[in-house]
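Quick notes on the structure that follows.
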Amino acid sequence: MNYLRMAGQFVVIATLFAAVAAFSDWPAYRQIPRGSAIVMLTFVHGADRKAECRRLTPQEIAKLPPNMRRVEDCPRGRRPIYVELDLNKKTLFSKSLPPTGLAGDGPSRVYQRFVVPAGKYDIAVRMRDTPRTDGFDYSGEQAVTLVPDQMFVIDFRAERGAFVFR
Amino acid sequence: MIRAFRSVLRHGFELIERPFDRLFGPALNPLAQLGALGFFFFWIVTISGIYLFIFFDTGIERAYESVQYISQDQWFHAGVMRSLHRYAADLMVVMVATHLLRQFAYDQYRGVRWFSWFTGLPMIWLLYGSGITGYWLVWDKLAQYVAITTSELLDRLPIFGEPIARNFISTGTLTSRFFTLMVFMHIAVPLFLLFVMWVHILRISRPKINPPRMLAAISLLALIAVSLWKPALSQGHVDLAKAPVEIGLDWFYLPLYPLADTWGKGGVWAFLGAFSLMIGFMPWLPPLRRARAAEVDLAHCNGCARCAEDCPYEAIRMVARTDGLPFPSQAQVNASLCTSCGICVGACPSSTPFRRSEELRTGIDLPDYNLKTLRERTIEAAKMLDGSNRALVFACEHGGARSLDGVVRLPCVAMAPPSLFDFVLSRDLADGVVIAGCAESACFNRLGIAWTQQRIAGTRDPYLRTRVPRERIAMILGSALEARRVAAEIATFAEKLATFPRKILRSPQSTPSISSREEPVPSQVGIAP
């Protein structure tokens, strides 16, 4: 094999490899338009159970197998939660979130992001996790100035019983 | 529709492969070594990965710094290794994708080949799993994007109670254990990939898992040169308070990630599911009409094992004799692995057209195209020839001569036993023999061309007799796209035949079957020496 041919082979392979290297980080991908920011509404929260625990009658307890006898019957299923998010008094998100899990006994969850132009916003978020049909059990408001590319997160902490903005 | 797409793709490959054949030669043509190159890049990724692991720190803060140390302070060894690691991984994707398309284009994925095709599917998933977990470890902006988008994709599946992506929305939610887990994943997934790669080639006889040394050396040098020219670098430390909005994506590993923004996560999963289903079912869609598998005729089989040795699909194995004849073994065909290529017929020493028995039989034969039929077709085709330059063409049905008139078509040129060429010349059926195979770097039956060359050269049983004038045999190789060139080379060879002195061969009956190991291989470019 002559050296010229080998050089040709090297050039062809190196060119192909260089093309692969180039496409390994080019062209750049822009996820959101310039001058935009992301508002992310995300939390996990379990609502109350659908029904209260009920004390079983002695007859009902007697009917149960001996190793499965219990005093109370507590339905596993949870209620959905209802969440609303407003930006500058305009509702951006309103949804009833069902519980997770095959038996519907897991917490409800939300993970939603909104791409908005950078700027000043009045953010209001509300949640209902009880059987009530009007009004809300939790709410939070904050005025923010979003800078370009910022990720503004709205979380909920059940232990604090409040929404967290960060 | 599938057939039309395959035809277009095949033409495309043949157009690209021929210039590569000319530059590299069929033995070094990278397009004929895609699987072997895939293995080669896997080993580069493995070795460079082990080297990088020495310097990598799995701490949440130290991960990024350790990668920066690798790329900047130690660029001349660890930095180069990082680039080799990344680009070799990218090249694995390129090799896998091209290999898949080429196997599809050449219709080498159906029938008995379903197993290798089907096991290639989990390889694709594992390859992407390996690459994507690797990008997390760098913990730069790209890692942040990959982590968030991958988590969001996984969260779309009804598996996880709490969204995984919530781990990446603020600082303080991640611990160093996360990196330990990712390192474990980045090692475990490629190990599993290697296992599946082994399964992938299980049913292939003489699989090519190492490229020719020269090609490997050139590839490694080219990879090092590219790594020095464009070192793989990080894209800035993760900032969870800011969205990773503009990222240099690896388009080989992450082409679907931007689509998650357009199609939604469910759309991406639907695409992946449809793609996997399509790839998985393709060997059976549309149904492949297969010729019947080769059959062994024990009365003519002496258990020499040449058929088992030559079968490219490991469809023949030698088992204990069952008919009481004084031979230790006999050939047994596994019909589910047989492609009816006929290479075993050409390998059987009983396959000689000189046999005078009423019904020409051999030790192993194709029910739909047996040796008797081959001899009859050869004689018929020879009757069509006249003049002093009669060239009888044995054409591979996948090669450039398949559509020419008056040729004897074969599923593979290696189906023709060397004694058939002797038969043609010694019985004066023709003045010369052309063995027109498919392109050497794209042999449909993988080993048909090589075996034929070796049989004629006298380096592989059954040998072509020494008395057969080699200058009257030409091997012309060309794809279906090269029909015009192949026809021209056959015509040139025929013209040359007219200039040879009249041939005089001894009677086959008076000449004992003598093997020779010293005869040259006939010309591969058309004209015998």
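Scheme for the structure tokens: letters A, B, ... for chains in order shown; per-chain residue numbers from 1; ligand numbers from 1 in order shown.
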Within 6 Å of stretch 9-18 of chain A, counting only C-alpha atoms, which residues show up once you throw out same-chain ones fewer than 4 positions away? Write them as a ChimeraX atom specification, please. /B:218,222,226
Using only C-alpha atoms, I'd like a table of the residues in chain A that come within 8 Å of chain B; for each, show the closest atom pair and its distance in Å rounded to one decimal, ordered by chain and ascending number, as CSV.
```
residue,atom,partner,partner_atom,distance
A:Arg5,CA,B:Leu23,CA,7.0
A:Gly8,CA,B:Leu23,CA,7.5
A:Gln9,CA,B:Phe24,CA,6.6
A:Phe10,CA,B:Ile218,CA,5.9
A:Ile13,CA,B:Ala222,CA,6.5
A:Ala14,CA,B:Ala222,CA,4.7
A:Phe17,CA,B:Leu223,CA,6.7
A:Ala18,CA,B:Val226,CA,5.7
A:Val20,CA,B:Asp90,CA,7.0
A:Ala21,CA,B:Tyr87,CA,6.1
A:Phe23,CA,B:Trp251,CA,6.0
A:Ser24,CA,B:Asp250,CA,4.0
A:Asp25,CA,B:Gly248,CA,4.2
A:Trp26,CA,B:Gly248,CA,5.5
A:Pro27,CA,B:Gly248,CA,6.4
A:Ala28,CA,B:Gly248,CA,4.2
A:Tyr29,CA,B:Ile247,CA,5.3
A:Arg30,CA,B:Glu246,CA,4.2
A:Gln31,CA,B:Val245,CA,4.8
A:Ile32,CA,B:Val245,CA,6.0
A:Ala37,CA,B:Ala243,CA,7.9
A:Ile38,CA,B:Ala243,CA,7.3
A:Thr42,CA,B:Arg166,CA,7.4
A:Val44,CA,B:Glu162,CA,6.7
A:Thr100,CA,B:Gly161,CA,6.9
A:Gly101,CA,B:Gly161,CA,7.4
A:Gly106,CA,B:Gly161,CA,7.3
A:Pro107,CA,B:Gly161,CA,7.7
A:Arg109,CA,B:Glu162,CA,7.2
A:Tyr111,CA,B:Pro163,CA,7.4
A:Asp149,CA,B:Ala243,CA,5.5
A:Gln150,CA,B:Lys242,CA,4.6
A:Met151,CA,B:Lys242,CA,4.9
A:Phe152,CA,B:Ala241,CA,7.4
A:Val153,CA,B:Ile169,CA,7.3
```
Got a sec: who's within 12 Å of A:Arg132, counting only C-alpha atoms, leaving out chain neighbours fewer than 2 positions off, as a ChimeraX atom specification? /A:47-48,79-82,127-130,134-137
File of the preceding selection, N, CA and C atoms, as an mmCIF file, in the first residue's frame:
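Now in selection.cif:
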```cif
data_model
loop_
_atom_site.group_PDB
_atom_site.id
_atom_site.type_symbol
_atom_site.label_atom_id
_atom_site.label_comp_id
_atom_site.auth_asym_id
_atom_site.auth_seq_id
_atom_site.Cartn_x
_atom_site.Cartn_y
_atom_site.Cartn_z
ATOM 1 N N ALA A 47 -54.454 15.152 48.913
ATOM 2 C CA ALA A 47 -55.674 15.703 49.519
ATOM 3 C C ALA A 47 -56.203 14.717 50.558
ATOM 4 N N ASP A 48 -57.266 15.128 51.216
ATOM 5 C CA ASP A 48 -57.885 14.223 52.195
ATOM 6 C C ASP A 48 -58.427 12.989 51.494
ATOM 7 N N ARG A 79 -59.155 12.485 47.413
ATOM 8 C CA ARG A 79 -59.856 13.429 46.541
ATOM 9 C C ARG A 79 -58.838 14.067 45.593
ATOM 10 N N PRO A 80 -59.326 14.561 44.473
ATOM 11 C CA PRO A 80 -58.425 15.372 43.637
ATOM 12 C C PRO A 80 -58.215 16.733 44.296
ATOM 13 N N ILE A 81 -57.163 17.399 43.912
ATOM 14 C CA ILE A 81 -56.984 18.779 44.372
ATOM 15 C C ILE A 81 -57.247 19.713 43.194
ATOM 16 N N TYR A 82 -57.602 20.903 43.524
ATOM 17 C CA TYR A 82 -57.895 21.873 42.469
ATOM 18 C C TYR A 82 -56.925 23.042 42.614
ATOM 19 N N MET A 127 -55.129 26.806 45.963
ATOM 20 C CA MET A 127 -55.364 25.367 45.922
ATOM 21 C C MET A 127 -56.494 24.983 46.876
ATOM 22 N N ARG A 128 -57.252 23.982 46.430
ATOM 23 C CA ARG A 128 -58.334 23.453 47.265
ATOM 24 C C ARG A 128 -58.099 21.946 47.389
ATOM 25 N N ASP A 129 -58.041 21.451 48.636
ATOM 26 C CA ASP A 129 -57.793 20.012 48.798
ATOM 27 C C ASP A 129 -58.816 19.356 49.726
ATOM 28 N N THR A 130 -59.916 20.062 49.952
ATOM 29 C CA THR A 130 -60.978 19.527 50.816
ATOM 30 C C THR A 130 -62.273 19.431 50.007
ATOM 31 N N ASP A 134 -66.417 25.850 46.931
ATOM 32 C CA ASP A 134 -65.976 27.208 46.588
ATOM 33 C C ASP A 134 -64.927 27.670 47.580
ATOM 34 N N GLY A 135 -64.176 28.691 47.166
ATOM 35 C CA GLY A 135 -63.084 29.146 48.012
ATOM 36 C C GLY A 135 -61.898 28.207 47.928
ATOM 37 N N PHE A 136 -60.814 28.570 48.615
ATOM 38 C CA PHE A 136 -59.584 27.775 48.537
ATOM 39 C C PHE A 136 -59.016 27.551 49.933
ATOM 40 N N ASP A 137 -58.316 26.450 50.084
ATOM 41 C CA ASP A 137 -57.712 26.117 51.375
ATOM 42 C C ASP A 137 -56.344 26.772 51.541
#
```
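Using only C-alpha atoms, the residues found no farther than 10 Å from B:Leu481, other than those of its own chain fewer than 5 positions away, are B:Arg10, B:His11, B:Gly12, B:Glu14, B:Leu15, B:Arg18, B:Gly399, B:Gly400, B:Ala401, B:Ala439, B:Val486.
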Find the residues around stretch 308-311 of chain B up to 8 Å (only C-alpha atoms counted), leave out those fewer than 4 positions away in its own chain, and share them as a PDB file with C-alpha atoms, in the first residue's frame.
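Ended up saving to around_28.pdb:
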```pdb
ATOM      1  CA  SER B 205     -20.517 -17.629  11.846  1.00  0.00           C
ATOM      2  CA  ALA B 315     -26.936 -23.720   9.987  1.00  0.00           C
ATOM      3  CA  ILE B 316     -25.058 -27.013   9.683  1.00  0.00           C
ATOM      4  CA  ARG B 317     -23.579 -29.066  12.459  1.00  0.00           C
ATOM      5  CA  MET B 318     -21.965 -32.456  12.509  1.00  0.00           C
ATOM      6  CA  ALA B 331     -24.105 -33.232   8.442  1.00  0.00           C
ATOM      7  CA  ILE B 343     -22.554 -22.474  -0.274  1.00  0.00           C
ATOM      8  CA  CYS B 344     -22.720 -25.935   1.311  1.00  0.00           C
ATOM      9  CA  ALA B 347     -18.328 -27.085  -0.466  1.00  0.00           C
ATOM     10  CA  TRP B 451     -14.685 -19.050  -0.222  1.00  0.00           C
TER      11      TRP B 451
END
```
Pick the closest to B:Met92 from B:Ala294, B:Ala457, B:Ile44, B:Ile473: which is it, counting only C-alpha atoms? B:Ile44
All alpha helix (DSSP H) positions in chain A, as a list of chain:residue names: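 Restricting chain A to alpha helix (DSSP H) produces A:Tyr3, A:Leu4, A:Arg5, A:Met6, A:Ala7, A:Gly8, A:Gln9, A:Phe10, A:Val11, A:Val12, A:Ile13, A:Ala14, A:Thr15, A:Leu16, A:Phe17, A:Ala18, A:Ala19, A:Val20, A:Ala21, A:Ala22, A:Pro58, A:Gln59, A:Glu60, A:Ile61, A:Ala62, A:Lys63.
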Quick check, in Å to one decimal: how far apart do atom CA of A:Gly119 and atom CA of A:Ser94 lie? 22.6 Å
Going by DSSP on the backbone, which residues of stretch 4-137 of chain A come out as strand (DSSP E)? List them as a PyMOL selection string. chain A and resi 28-30+36-45+54-55+72-73+81-87+90-97+108-117+119-128
Hey, what's within 10 Å of A:Phe165 if we count only C-alpha atoms and toss same-chain stuff fewer than 6 positions away? As a ChimeraX atom specification, please? /A:40-41,123,140-142,144,152-156
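If you measure from each of B:Met384, B:Met415, B:Val67, B:Ala483 to B:Val345 using only C-alpha atoms, the closest one turns out to be B:Met415.
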Got a sec: who's within 12 Å of stretch 356-373 of chain B, counting only C-alpha atoms, leaving out chain neighbours fewer than 3 positions off, as a ChimeraX atom specification? /B:290-308,311,316,330-333,335,338-353,376-381,408-412,415-417,419-420,508-509
Find the distance between atom CA of B:Thr46 and atom CA of B:Met123 and write it in Å to one decimal.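 If I compute the distance from atom CA of B:Thr46 to atom CA of B:Met123, I get 16.0 Å.
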When you draw a straight line from atom CA of A:Gly77 to atom CA of A:Ser96, how long is it in Å?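 Interatomic distance, atom CA of A:Gly77 to atom CA of A:Ser96: 15.4 Å.
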